[in-house]
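First comes the structure, then the notes that go with it.
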Amino acid sequence: MVKDTLMIDKEISMEYIKENLDLVRENIKKACDRINKDSDDIVLVAVTKTIDEMIVNESLKYDITDIGENKVQEVQRKYDLIEKPVKWHLIGHLQRNKVKYIIDKVDLIHSVDSERLAEEINKKAMGINKVMDILIQLNISKEETKFGLERKELDELILAISKMSNVRVRGLMTMAPYYENPEEARWIFKKMKETFEELSNNDYNNIQMDYLSMGMTNDYIVAIEEGANIVRVGTGIYGARDYSK
Ligand SMILES: *Cc1c(COP(=O)(O)O)cnc(C)c1O
């Protein structure tokens, strides 16, 4: 009996996830059409935090290529349980003492916001002969206490990282505050894009502006219109869940 219920729930949630994904992809396509961009150039990161690995595995059959987790422990726990090759994105705040647990697992760290963290990543990446791709997290709005650097602190960090052999900056990331009306976040995404462009013509080999990671369930459409090419969508795919757990 219990087992039956579980099966039924799983069926329903898979149908639900499929519909959600179709809608998100459709929205991405439409936003790209509006700005004359190829939607193939947008990376959709399915944010799987708090989602059971069984559900995540099932959902991968809908062509999910990239998954995002915000906690180191969850990457560690799920890493061997995910059955298909996917790219792993660490999107949440990263403490220096935990870099060692994920350095061999993740493909892109979105949340680098200090030289000390970059240094630790460099050291641990060197230890396993890897060049770790990272994004620098910016905090444009400063409205809420969120992680991320201010614009004026960015050049110094870039200069410091330019001397690190095993870290490669691939772009920028931000998390806008939650606004009921996502239009209110538009200026933040614009500002990010400006900064991204400013940094695009730099002389450092290991600083490449390839990715602009911005936009979550509530605001990914606006983010794409303003130039995001990585969007991180959790709720919009897997449904609402309690993130405080
Ligand atoms: C949880 C999270 C997301 C996804 O948020 P949703 O609103 O569920 O789409 C994106 N980015 C980061 C950094 C997150 O922690």
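FYI, nothing fancy with the structure tokens labels: chains A, B, ... in order, residues from 1 per chain, ligands from 1 as they appear.
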Write down as a PyMOL selection string the residues belonging to range 82-185 of chain A that are assigned strand (DSSP E) by DSSP computed on the backbone. chain A and resi 87-90+108-112+132-138+167-174
Around ligand 1, at most 10 Å away and counting only C-alpha atoms and all ligand atoms, which residues are there? Put them as a PyMOL selection string, please. chain A and resi 45-50+68-71+89-93+110-111+137+147+173-176+178+213-220+231-243
Run DSSP on the backbone and give me the residues of range 13-217 of chain A it puts in helix (DSSP H, G or I), as JSON, numbers by chain. {"A": [13, 14, 15, 16, 17, 18, 19, 20, 21, 22, 23, 24, 25, 26, 27, 28, 29, 30, 31, 32, 33, 34, 39, 40, 41, 53, 54, 55, 56, 57, 58, 59, 60, 61, 62, 72, 73, 74, 75, 76, 77, 78, 79, 96, 97, 98, 99, 100, 101, 102, 115, 116, 117, 118, 119, 120, 121, 122, 123, 124, 125, 126, 127, 151, 152, 153, 154, 155, 156, 157, 158, 159, 160, 161, 182, 183, 184, 185, 186, 187, 188, 189, 190, 191, 192, 193, 194, 195, 196, 197, 198, 199, 200]}
Please report the interatomic distance between CA of Asn202 in chain A and CA of Ile136 in chain A in Å with one decimal. 15.3 Å
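Here CA of Asp104 in chain A stands at a distance of 10.9 Å from CA of Met126 in chain A.
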Env of Val99 in chain A: 12 Å cut, atoms = only C-alpha atoms, seq-sep filter 3 positions within chain, self excluded. Answer as a VMD selection string. chain A and resid 71 to 73 75 to 76 90 93 to 96 102 to 106 109 111 to 112 116 to 125 127 132
For Ala185 in chain A, which of A:Ile140, A:Ile28, A:Leu81, A:Ile64 is the closest residue, counting only C-alpha atoms? A:Ile140
Give me the residues near Gly227 in chain A as a VMD selection string, where near means some atom within 12 Å (using only C-alpha atoms) and where sequence neighbours in that chain fewer than 5 positions away do not count. chain A and resid 28 31 to 32 34 to 39 41 to 42 172 to 173 186 to 197 210 to 215 220 to 222
